[in-house]
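> Just my_file.txt, nothing more (compact mmCIF, N, CA and C atoms):
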# COMPACT_ATOMS: atom_id res chain seq x y z
N ASN A 1 -20.45 13.58 -31.88
CA ASN A 1 -19.04 13.78 -31.69
C ASN A 1 -18.75 14.91 -30.71
N ASN A 2 -19.67 15.17 -29.82
CA ASN A 2 -19.48 16.22 -28.82
C ASN A 2 -18.75 15.64 -27.62
N GLY A 3 -17.70 16.34 -27.20
CA GLY A 3 -16.98 15.91 -26.02
C GLY A 3 -17.64 16.43 -24.76
N ILE A 4 -17.14 15.98 -23.63
CA ILE A 4 -17.63 16.50 -22.36
C ILE A 4 -16.45 17.12 -21.65
N PRO A 5 -16.60 18.09 -20.83
CA PRO A 5 -17.85 18.68 -20.35
C PRO A 5 -18.54 19.50 -21.45
N GLN A 6 -19.83 19.69 -21.28
CA GLN A 6 -20.63 20.39 -22.28
C GLN A 6 -21.77 21.14 -21.60
N LYS A 7 -22.12 22.29 -22.16
CA LYS A 7 -23.23 23.09 -21.63
C LYS A 7 -24.23 23.34 -22.75
N LYS A 8 -25.49 23.32 -22.41
CA LYS A 8 -26.57 23.61 -23.35
C LYS A 8 -27.53 24.57 -22.66
N ALA A 9 -28.19 25.38 -23.45
CA ALA A 9 -29.22 26.27 -22.93
C ALA A 9 -30.51 26.03 -23.70
N MET A 10 -31.58 25.83 -22.97
CA MET A 10 -32.91 25.65 -23.57
C MET A 10 -33.75 26.86 -23.18
N THR A 11 -34.43 27.45 -24.16
CA THR A 11 -35.27 28.61 -23.89
C THR A 11 -36.73 28.22 -24.08
N TYR A 12 -37.52 28.52 -23.06
CA TYR A 12 -38.96 28.26 -23.07
C TYR A 12 -39.67 29.60 -23.14
N THR A 13 -40.41 29.84 -24.22
CA THR A 13 -41.03 31.15 -24.42
C THR A 13 -42.52 31.20 -24.09
N LYS A 14 -43.13 30.08 -23.82
CA LYS A 14 -44.59 30.04 -23.63
C LYS A 14 -45.03 30.04 -22.17
N PHE A 15 -44.11 29.80 -21.23
CA PHE A 15 -44.50 29.64 -19.83
C PHE A 15 -44.49 30.96 -19.08
N THR A 16 -45.54 31.18 -18.27
CA THR A 16 -45.60 32.34 -17.37
C THR A 16 -45.96 31.89 -15.95
N ASP A 17 -46.00 30.59 -15.75
CA ASP A 17 -46.31 30.01 -14.44
C ASP A 17 -45.38 28.81 -14.23
N ASP A 18 -45.43 28.22 -13.04
CA ASP A 18 -44.57 27.08 -12.73
C ASP A 18 -44.75 25.98 -13.78
N PHE A 19 -43.67 25.27 -14.09
CA PHE A 19 -43.71 24.19 -15.07
C PHE A 19 -42.59 23.20 -14.78
N HIS A 20 -42.58 22.12 -15.52
CA HIS A 20 -41.49 21.15 -15.41
C HIS A 20 -41.07 20.73 -16.81
N PHE A 21 -39.84 20.23 -16.90
CA PHE A 21 -39.37 19.67 -18.15
C PHE A 21 -38.51 18.45 -17.84
N ASN A 22 -38.44 17.56 -18.82
CA ASN A 22 -37.67 16.33 -18.67
C ASN A 22 -36.37 16.43 -19.45
N VAL A 23 -35.33 15.84 -18.89
CA VAL A 23 -34.05 15.73 -19.58
C VAL A 23 -33.89 14.27 -19.96
N SER A 24 -33.68 14.01 -21.25
CA SER A 24 -33.57 12.64 -21.75
C SER A 24 -32.45 12.55 -22.77
N TYR A 25 -32.08 11.33 -23.08
CA TYR A 25 -31.16 11.13 -24.19
C TYR A 25 -31.88 11.49 -25.47
N GLY A 26 -31.11 11.84 -26.50
CA GLY A 26 -31.69 12.13 -27.81
C GLY A 26 -32.20 10.87 -28.47
N ASN A 27 -32.21 10.88 -29.75
CA ASN A 27 -32.70 9.76 -30.54
C ASN A 27 -31.81 8.54 -30.34
N LEU A 28 -32.38 7.46 -29.85
CA LEU A 28 -31.62 6.22 -29.60
C LEU A 28 -31.95 5.13 -30.62
N GLU A 29 -32.63 5.50 -31.69
CA GLU A 29 -33.07 4.50 -32.67
C GLU A 29 -31.91 3.82 -33.37
N HIS A 30 -30.75 4.45 -33.39
CA HIS A 30 -29.60 3.84 -34.07
C HIS A 30 -28.96 2.73 -33.24
N LEU A 31 -29.35 2.58 -31.98
CA LEU A 31 -28.80 1.54 -31.11
C LEU A 31 -29.60 0.25 -31.26
N SER A 32 -28.93 -0.85 -31.01
CA SER A 32 -29.64 -2.13 -31.01
C SER A 32 -30.53 -2.17 -29.76
N GLU A 33 -31.44 -3.12 -29.72
CA GLU A 33 -32.34 -3.25 -28.57
C GLU A 33 -31.53 -3.51 -27.29
N ARG A 34 -30.51 -4.33 -27.40
CA ARG A 34 -29.65 -4.63 -26.25
C ARG A 34 -28.91 -3.38 -25.76
N GLN A 35 -28.35 -2.63 -26.70
CA GLN A 35 -27.63 -1.40 -26.32
C GLN A 35 -28.58 -0.40 -25.67
N ALA A 36 -29.75 -0.24 -26.24
CA ALA A 36 -30.72 0.72 -25.70
C ALA A 36 -31.17 0.31 -24.29
N SER A 37 -31.24 -1.00 -24.04
CA SER A 37 -31.68 -1.46 -22.72
C SER A 37 -30.64 -1.16 -21.63
N GLU A 38 -29.40 -0.91 -22.02
CA GLU A 38 -28.35 -0.60 -21.05
C GLU A 38 -28.42 0.82 -20.52
N PHE A 39 -29.19 1.65 -21.19
CA PHE A 39 -29.37 3.02 -20.71
C PHE A 39 -30.37 3.05 -19.58
N ALA A 40 -30.25 4.05 -18.73
CA ALA A 40 -31.21 4.20 -17.62
C ALA A 40 -32.60 4.47 -18.18
N THR A 41 -33.56 4.26 -17.33
CA THR A 41 -34.94 4.53 -17.76
C THR A 41 -35.07 5.99 -18.15
N LEU A 42 -35.88 6.19 -19.17
CA LEU A 42 -36.10 7.56 -19.65
C LEU A 42 -37.30 8.15 -18.94
N PRO A 43 -37.38 9.38 -18.63
CA PRO A 43 -36.35 10.40 -18.76
C PRO A 43 -35.27 10.28 -17.67
N LEU A 44 -34.13 10.89 -17.92
CA LEU A 44 -33.03 10.85 -16.95
C LEU A 44 -33.32 11.71 -15.73
N MET A 45 -34.01 12.82 -15.96
CA MET A 45 -34.25 13.77 -14.88
C MET A 45 -35.51 14.59 -15.19
N MET A 46 -36.29 14.88 -14.16
CA MET A 46 -37.42 15.78 -14.29
C MET A 46 -37.10 17.03 -13.46
N VAL A 47 -37.16 18.19 -14.09
CA VAL A 47 -36.81 19.44 -13.43
C VAL A 47 -38.08 20.24 -13.20
N ASN A 48 -38.35 20.58 -11.93
CA ASN A 48 -39.50 21.42 -11.58
C ASN A 48 -39.02 22.85 -11.42
N VAL A 49 -39.65 23.77 -12.12
CA VAL A 49 -39.31 25.19 -12.03
C VAL A 49 -40.45 25.89 -11.30
N LYS A 50 -40.14 26.43 -10.12
CA LYS A 50 -41.15 27.07 -9.27
C LYS A 50 -40.84 28.55 -9.13
N GLY A 51 -41.86 29.35 -8.86
CA GLY A 51 -41.68 30.78 -8.63
C GLY A 51 -41.73 31.62 -9.89
N VAL A 52 -42.13 31.03 -10.99
CA VAL A 52 -42.16 31.74 -12.27
C VAL A 52 -43.15 32.90 -12.22
N LYS A 53 -44.35 32.65 -11.70
CA LYS A 53 -45.37 33.69 -11.65
C LYS A 53 -44.90 34.89 -10.82
N ASP A 54 -44.21 34.63 -9.69
CA ASP A 54 -43.70 35.72 -8.85
C ASP A 54 -42.69 36.57 -9.61
N VAL A 55 -41.80 35.93 -10.34
CA VAL A 55 -40.80 36.67 -11.11
C VAL A 55 -41.47 37.50 -12.19
N PHE A 56 -42.45 36.92 -12.87
CA PHE A 56 -43.16 37.67 -13.91
C PHE A 56 -43.93 38.84 -13.30
N ASN A 57 -44.50 38.67 -12.12
CA ASN A 57 -45.20 39.78 -11.45
C ASN A 57 -44.24 40.89 -11.07
N GLN A 58 -43.02 40.56 -10.68
CA GLN A 58 -42.02 41.57 -10.32
C GLN A 58 -41.54 42.36 -11.54
N HIS A 59 -41.64 41.76 -12.72
CA HIS A 59 -41.16 42.40 -13.95
C HIS A 59 -42.32 42.65 -14.92
N HIS A 60 -43.48 42.98 -14.39
CA HIS A 60 -44.69 43.13 -15.22
C HIS A 60 -44.57 44.25 -16.25
N ASP A 61 -43.68 45.21 -16.02
CA ASP A 61 -43.53 46.34 -16.93
C ASP A 61 -42.54 46.06 -18.07
N LYS A 62 -42.02 44.84 -18.14
CA LYS A 62 -41.04 44.49 -19.15
C LYS A 62 -41.58 43.39 -20.05
N THR A 63 -40.98 43.26 -21.22
CA THR A 63 -41.38 42.23 -22.18
C THR A 63 -40.56 40.97 -21.94
N SER A 64 -41.24 39.84 -21.81
CA SER A 64 -40.55 38.57 -21.57
C SER A 64 -39.92 38.07 -22.85
N LYS A 65 -38.67 37.62 -22.75
CA LYS A 65 -37.97 36.99 -23.86
C LYS A 65 -37.84 35.49 -23.65
N GLY A 66 -38.42 34.99 -22.54
CA GLY A 66 -38.42 33.56 -22.29
C GLY A 66 -37.72 33.19 -21.00
N ILE A 67 -37.79 31.91 -20.70
CA ILE A 67 -37.13 31.34 -19.53
C ILE A 67 -36.04 30.42 -20.05
N LYS A 68 -34.82 30.66 -19.62
CA LYS A 68 -33.67 29.92 -20.13
C LYS A 68 -33.12 29.00 -19.05
N ALA A 69 -33.04 27.70 -19.38
CA ALA A 69 -32.48 26.70 -18.48
C ALA A 69 -31.09 26.34 -18.99
N HIS A 70 -30.09 26.41 -18.10
CA HIS A 70 -28.71 26.10 -18.42
C HIS A 70 -28.40 24.69 -17.90
N ILE A 71 -28.18 23.76 -18.84
CA ILE A 71 -27.96 22.35 -18.51
C ILE A 71 -26.51 22.01 -18.84
N MET A 72 -25.89 21.21 -17.96
CA MET A 72 -24.49 20.85 -18.19
C MET A 72 -24.28 19.35 -18.03
N VAL A 73 -23.26 18.86 -18.72
CA VAL A 73 -22.76 17.50 -18.53
C VAL A 73 -21.32 17.67 -18.07
N ASP A 74 -21.01 17.16 -16.87
CA ASP A 74 -19.66 17.37 -16.33
C ASP A 74 -18.67 16.34 -16.86
N ASP A 75 -17.43 16.42 -16.39
CA ASP A 75 -16.36 15.52 -16.85
C ASP A 75 -16.69 14.05 -16.64
N SER A 76 -17.52 13.74 -15.65
CA SER A 76 -17.88 12.36 -15.36
C SER A 76 -19.10 11.89 -16.13
N GLY A 77 -19.69 12.79 -16.93
CA GLY A 77 -20.88 12.44 -17.69
C GLY A 77 -22.17 12.63 -16.92
N LEU A 78 -22.10 13.25 -15.73
CA LEU A 78 -23.30 13.51 -14.95
C LEU A 78 -24.01 14.75 -15.46
N ILE A 79 -25.33 14.67 -15.56
CA ILE A 79 -26.13 15.76 -16.08
C ILE A 79 -26.70 16.56 -14.92
N GLY A 80 -26.66 17.88 -15.03
CA GLY A 80 -27.22 18.74 -13.99
C GLY A 80 -27.74 20.02 -14.60
N VAL A 81 -28.54 20.73 -13.82
CA VAL A 81 -29.05 22.03 -14.23
C VAL A 81 -28.31 23.08 -13.43
N GLU A 82 -27.56 23.95 -14.12
CA GLU A 82 -26.80 24.99 -13.43
C GLU A 82 -27.72 26.08 -12.91
N SER A 83 -28.62 26.57 -13.75
CA SER A 83 -29.52 27.64 -13.34
C SER A 83 -30.68 27.75 -14.32
N VAL A 84 -31.72 28.42 -13.87
CA VAL A 84 -32.86 28.76 -14.72
C VAL A 84 -33.12 30.23 -14.49
N GLU A 85 -33.25 30.99 -15.57
CA GLU A 85 -33.47 32.42 -15.43
C GLU A 85 -34.54 32.89 -16.41
N ALA A 86 -35.25 33.93 -16.00
CA ALA A 86 -36.22 34.58 -16.87
C ALA A 86 -35.54 35.79 -17.49
N ILE A 87 -35.67 35.94 -18.80
CA ILE A 87 -35.04 37.04 -19.51
C ILE A 87 -36.13 38.04 -19.89
N PHE A 88 -35.90 39.32 -19.55
CA PHE A 88 -36.85 40.38 -19.85
C PHE A 88 -36.17 41.47 -20.66
N GLU A 89 -36.96 42.16 -21.47
CA GLU A 89 -36.45 43.24 -22.31
C GLU A 89 -37.20 44.52 -21.99
N THR A 90 -36.47 45.60 -21.86
CA THR A 90 -37.07 46.92 -21.66
C THR A 90 -36.68 47.78 -22.85
N ILE A 91 -37.66 48.41 -23.48
CA ILE A 91 -37.37 49.30 -24.60
C ILE A 91 -37.20 50.71 -24.07
N VAL A 92 -36.05 51.28 -24.36
CA VAL A 92 -35.75 52.64 -23.93
C VAL A 92 -35.88 53.52 -25.17
N ALA A 93 -36.90 54.37 -25.19
CA ALA A 93 -37.16 55.21 -26.35
C ALA A 93 -36.36 56.51 -26.26
N ASN A 94 -35.99 57.03 -27.42
CA ASN A 94 -35.31 58.31 -27.55
C ASN A 94 -34.02 58.40 -26.75
N LYS A 95 -33.31 57.32 -26.71
CA LYS A 95 -32.01 57.31 -26.03
C LYS A 95 -30.98 57.90 -26.99
N THR A 96 -30.20 58.83 -26.50
CA THR A 96 -29.19 59.46 -27.34
C THR A 96 -27.96 58.57 -27.38
N GLU A 97 -27.56 58.20 -28.61
CA GLU A 97 -26.37 57.38 -28.78
C GLU A 97 -25.47 58.03 -29.80
N THR A 98 -24.20 58.03 -29.53
CA THR A 98 -23.22 58.50 -30.50
C THR A 98 -22.15 57.45 -30.64
N GLY A 99 -21.67 57.30 -31.85
CA GLY A 99 -20.56 56.38 -32.08
C GLY A 99 -19.29 56.96 -31.51
N TRP A 100 -18.28 56.14 -31.29
CA TRP A 100 -17.04 56.65 -30.68
C TRP A 100 -16.32 57.63 -31.60
N MET A 101 -16.40 57.44 -32.92
CA MET A 101 -15.77 58.39 -33.84
C MET A 101 -16.46 59.74 -33.74
N GLU A 102 -17.77 59.74 -33.66
CA GLU A 102 -18.52 60.99 -33.55
C GLU A 102 -18.22 61.67 -32.22
N SER A 103 -18.08 60.88 -31.16
CA SER A 103 -17.77 61.45 -29.85
C SER A 103 -16.40 62.12 -29.86
N VAL A 104 -15.42 61.48 -30.48
CA VAL A 104 -14.08 62.09 -30.57
C VAL A 104 -14.14 63.35 -31.41
N SER A 105 -14.88 63.30 -32.51
CA SER A 105 -15.02 64.46 -33.38
C SER A 105 -15.70 65.60 -32.64
N ASN A 106 -16.75 65.30 -31.88
CA ASN A 106 -17.46 66.33 -31.11
C ASN A 106 -16.57 66.94 -30.04
N PHE A 107 -15.64 66.19 -29.51
CA PHE A 107 -14.73 66.70 -28.49
C PHE A 107 -13.88 67.82 -29.08
N PHE A 108 -13.40 67.62 -30.32
CA PHE A 108 -12.53 68.61 -30.93
C PHE A 108 -13.30 69.77 -31.55
N THR A 109 -14.54 69.55 -31.99
CA THR A 109 -15.30 70.63 -32.62
C THR A 109 -16.17 71.37 -31.64
N GLY A 110 -16.33 70.85 -30.46
CA GLY A 110 -17.13 71.53 -29.45
C GLY A 110 -18.61 71.24 -29.53
N ASN A 111 -19.05 70.30 -30.39
CA ASN A 111 -20.47 69.95 -30.46
C ASN A 111 -20.87 69.20 -29.21
N SER A 112 -22.10 69.39 -28.77
CA SER A 112 -22.57 68.72 -27.56
C SER A 112 -23.14 67.36 -27.88
N ASP A 113 -23.29 66.56 -26.85
CA ASP A 113 -23.89 65.23 -27.01
C ASP A 113 -25.35 65.30 -27.39
N ASP A 114 -26.00 66.45 -27.15
CA ASP A 114 -27.43 66.58 -27.48
C ASP A 114 -27.67 66.47 -28.97
N GLU A 115 -26.64 66.68 -29.77
CA GLU A 115 -26.80 66.59 -31.21
C GLU A 115 -26.58 65.16 -31.72
N GLY A 116 -26.41 64.21 -30.80
CA GLY A 116 -26.21 62.81 -31.18
C GLY A 116 -27.46 62.24 -31.81
N LYS A 117 -27.35 61.05 -32.29
CA LYS A 117 -28.48 60.38 -32.94
C LYS A 117 -29.43 59.84 -31.89
N LYS A 118 -30.71 60.06 -32.11
CA LYS A 118 -31.74 59.51 -31.22
C LYS A 118 -32.14 58.15 -31.77
N LYS A 119 -32.10 57.15 -30.91
CA LYS A 119 -32.43 55.78 -31.33
C LYS A 119 -33.25 55.11 -30.24
N LYS A 120 -34.01 54.12 -30.65
CA LYS A 120 -34.64 53.24 -29.68
C LYS A 120 -33.64 52.14 -29.40
N SER A 121 -33.47 51.82 -28.15
CA SER A 121 -32.56 50.73 -27.81
C SER A 121 -33.24 49.82 -26.80
N THR A 122 -32.68 48.67 -26.62
CA THR A 122 -33.25 47.72 -25.68
C THR A 122 -32.23 47.36 -24.63
N ASP A 123 -32.69 47.22 -23.42
CA ASP A 123 -31.87 46.76 -22.32
C ASP A 123 -32.44 45.43 -21.86
N CYS A 124 -31.59 44.43 -21.67
CA CYS A 124 -32.06 43.13 -21.20
C CYS A 124 -31.74 42.97 -19.73
N ASP A 125 -32.63 42.29 -19.04
CA ASP A 125 -32.50 42.05 -17.62
C ASP A 125 -32.87 40.58 -17.40
N SER A 126 -32.31 39.97 -16.39
CA SER A 126 -32.67 38.58 -16.10
C SER A 126 -32.88 38.41 -14.60
N ALA A 127 -33.69 37.43 -14.26
CA ALA A 127 -33.97 37.12 -12.85
C ALA A 127 -33.85 35.61 -12.69
N LEU A 128 -33.11 35.18 -11.68
CA LEU A 128 -32.96 33.75 -11.43
C LEU A 128 -34.25 33.18 -10.85
N ILE A 129 -34.58 31.98 -11.28
CA ILE A 129 -35.77 31.28 -10.80
C ILE A 129 -35.29 30.06 -10.02
N PRO A 130 -35.80 29.82 -8.82
CA PRO A 130 -35.35 28.65 -8.05
C PRO A 130 -35.84 27.34 -8.65
N LEU A 131 -35.04 26.31 -8.47
CA LEU A 131 -35.44 24.95 -8.89
C LEU A 131 -35.87 24.18 -7.67
N LEU A 132 -36.98 23.48 -7.77
CA LEU A 132 -37.45 22.64 -6.67
C LEU A 132 -37.76 21.26 -7.18
Output the file's structure in the form of structure tokens.


Amino acid sequence: NNGIPQKKAMTYTKFTDDFHFNVSYGNLEHLSERQASEFATLPLMMVNVKGVKDVFNQHHDKTSKGIKAHIMVDDSGLIGVESVEAIFETIVANKTETGWMESVSNFFTGNSDDEGKKKKSTDCDSALIPLL
């Protein structure tokens, strides 16, 4: 019961080199043989993702969170891939963070930001990967 246009994101966590994936219809077992034969040959599309190793080499100091492919179905029912990106995470240790209430309180009491809470936090970064 999903309408169109529609967007989906698929995350691939195992790849560190070039790869491909197929886009196909879901389970068609509920269709009769005649109805199923009216669909195009499966798969609908094969997507080649190139340059993965180069992107991983450029971000070797970060932790990979996977490669995310953004797939869309437009108003006409045509399927396409909007983009593919690699998601990386950097852990920033001993980053000083204060909540906004604490910051306002410190402004009036004269306490410095150095007395804020020390926390580990993560910053995410992404890099676009070309499709070929």

> Which residue, A:Gln35, A:Met46, A:His20, A:Val73, has the smallest gap to A:Gln6 when you use only N, CA and C atoms?

A:Val73

> Could you work out how far atom N of A:Gly51 lies from atom CA of A:Val23, giving the answer in Å with one decimal?

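These atoms are spaced 19.0 Å apart.
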
> Calculate how many Å separate atom CA of A:Asn48 from atom CA of A:Asn22, rounding to one decimal.

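Interatomic distance, atom CA of A:Asn48 to atom CA of A:Asn22: 8.9 Å.
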
> For the atom pair atom CA of A:Leu31 and atom C of A:Ala9, what is the interatomic distance in Å to one decimal place?

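Taking atom CA of A:Leu31 and atom C of A:Ala9, their separation equals 25.6 Å.
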
> Between A:Thr16, A:Glu82, A:Ser37, A:Gly26, single out the one closest to A:Phe56, counting all atoms listed in the file.

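Closest candidate: A:Thr16.
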
> Could you give me, as a list of chain:residue names, the residues within 8 Å of A:Tyr25, counting only N, CA and C atoms and dropping anything in the same chain fewer than 3 positions from it?

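Near neighbours after the sequence-gap exclusion: A:Asn22, A:Leu28, A:Thr41, A:Leu42, A:Pro43, A:Leu44, A:Met45.
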
> Would you put the residues from that selection into a file with N, CA and C atoms, as a PDB file, in the coordinates of the input?


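What ended up in selection-v1.pdb:
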ATOM      1  N   ASN A  22     -38.440  17.560 -18.820  1.00  0.00           N
ATOM      2  CA  ASN A  22     -37.670  16.330 -18.670  1.00  0.00           C
ATOM      3  C   ASN A  22     -36.370  16.430 -19.450  1.00  0.00           C
ATOM      4  N   LEU A  28     -32.380   7.460 -29.850  1.00  0.00           N
ATOM      5  CA  LEU A  28     -31.620   6.220 -29.600  1.00  0.00           C
ATOM      6  C   LEU A  28     -31.950   5.130 -30.620  1.00  0.00           C
ATOM      7  N   THR A  41     -33.560   4.260 -17.330  1.00  0.00           N
ATOM      8  CA  THR A  41     -34.940   4.530 -17.760  1.00  0.00           C
ATOM      9  C   THR A  41     -35.070   5.990 -18.150  1.00  0.00           C
ATOM     10  N   LEU A  42     -35.880   6.190 -19.170  1.00  0.00           N
ATOM     11  CA  LEU A  42     -36.100   7.560 -19.650  1.00  0.00           C
ATOM     12  C   LEU A  42     -37.300   8.150 -18.940  1.00  0.00           C
ATOM     13  N   PRO A  43     -37.380   9.380 -18.630  1.00  0.00           N
ATOM     14  CA  PRO A  43     -36.350  10.400 -18.760  1.00  0.00           C
ATOM     15  C   PRO A  43     -35.270  10.280 -17.670  1.00  0.00           C
ATOM     16  N   LEU A  44     -34.130  10.890 -17.920  1.00  0.00           N
ATOM     17  CA  LEU A  44     -33.030  10.850 -16.950  1.00  0.00           C
ATOM     18  C   LEU A  44     -33.320  11.710 -15.730  1.00  0.00           C
ATOM     19  N   MET A  45     -34.010  12.820 -15.960  1.00  0.00           N
ATOM     20  CA  MET A  45     -34.250  13.770 -14.880  1.00  0.00           C
ATOM     21  C   MET A  45     -35.510  14.590 -15.190  1.00  0.00           C
TER      22      MET A  45
END

> So, counting all atoms listed in the file, which residue among A:Val49, A:Ala36, A:Ala86, A:Val81 is closest to A:Gly66?

A:Ala86

> Skip A:Ser83 itself and residues of its chain fewer than 6 positions away, then list as a ChimeraX atom specification all residues within 6 Å of it, counting only N, CA and C atoms.

/A:68-71

> Looking at A:Val47, A:Ser32, A:Phe88, A:Asn27, which one is nearest to A:Ser64, with distances taken over only N, CA and C atoms?

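Closest candidate: A:Phe88.
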
> Which polymer residues, whether protein, DNA or RNA, lie within 5 Å of the coordinate (-37.9, 42.6, -19.9) when you count all atoms listed in the file? List them as a count of residues only, using the chain letters and numbers from the file.

7

> So, with only C-alpha atoms as the atoms that count, which of A:Ile4, A:Ile91, A:Val84, A:Val52 lies closest to A:Phe19?

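Between A:Ile4, A:Ile91, A:Val84, A:Val52, the residue approaching A:Phe19 most closely is A:Val52.
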
> Could you tell me which of A:Glu85, A:His30, A:Ile79, A:Met72 comes closest to A:Lys8 if we count all atoms listed in the file?

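Between A:Glu85, A:His30, A:Ile79, A:Met72, the residue approaching A:Lys8 most closely is A:Met72.
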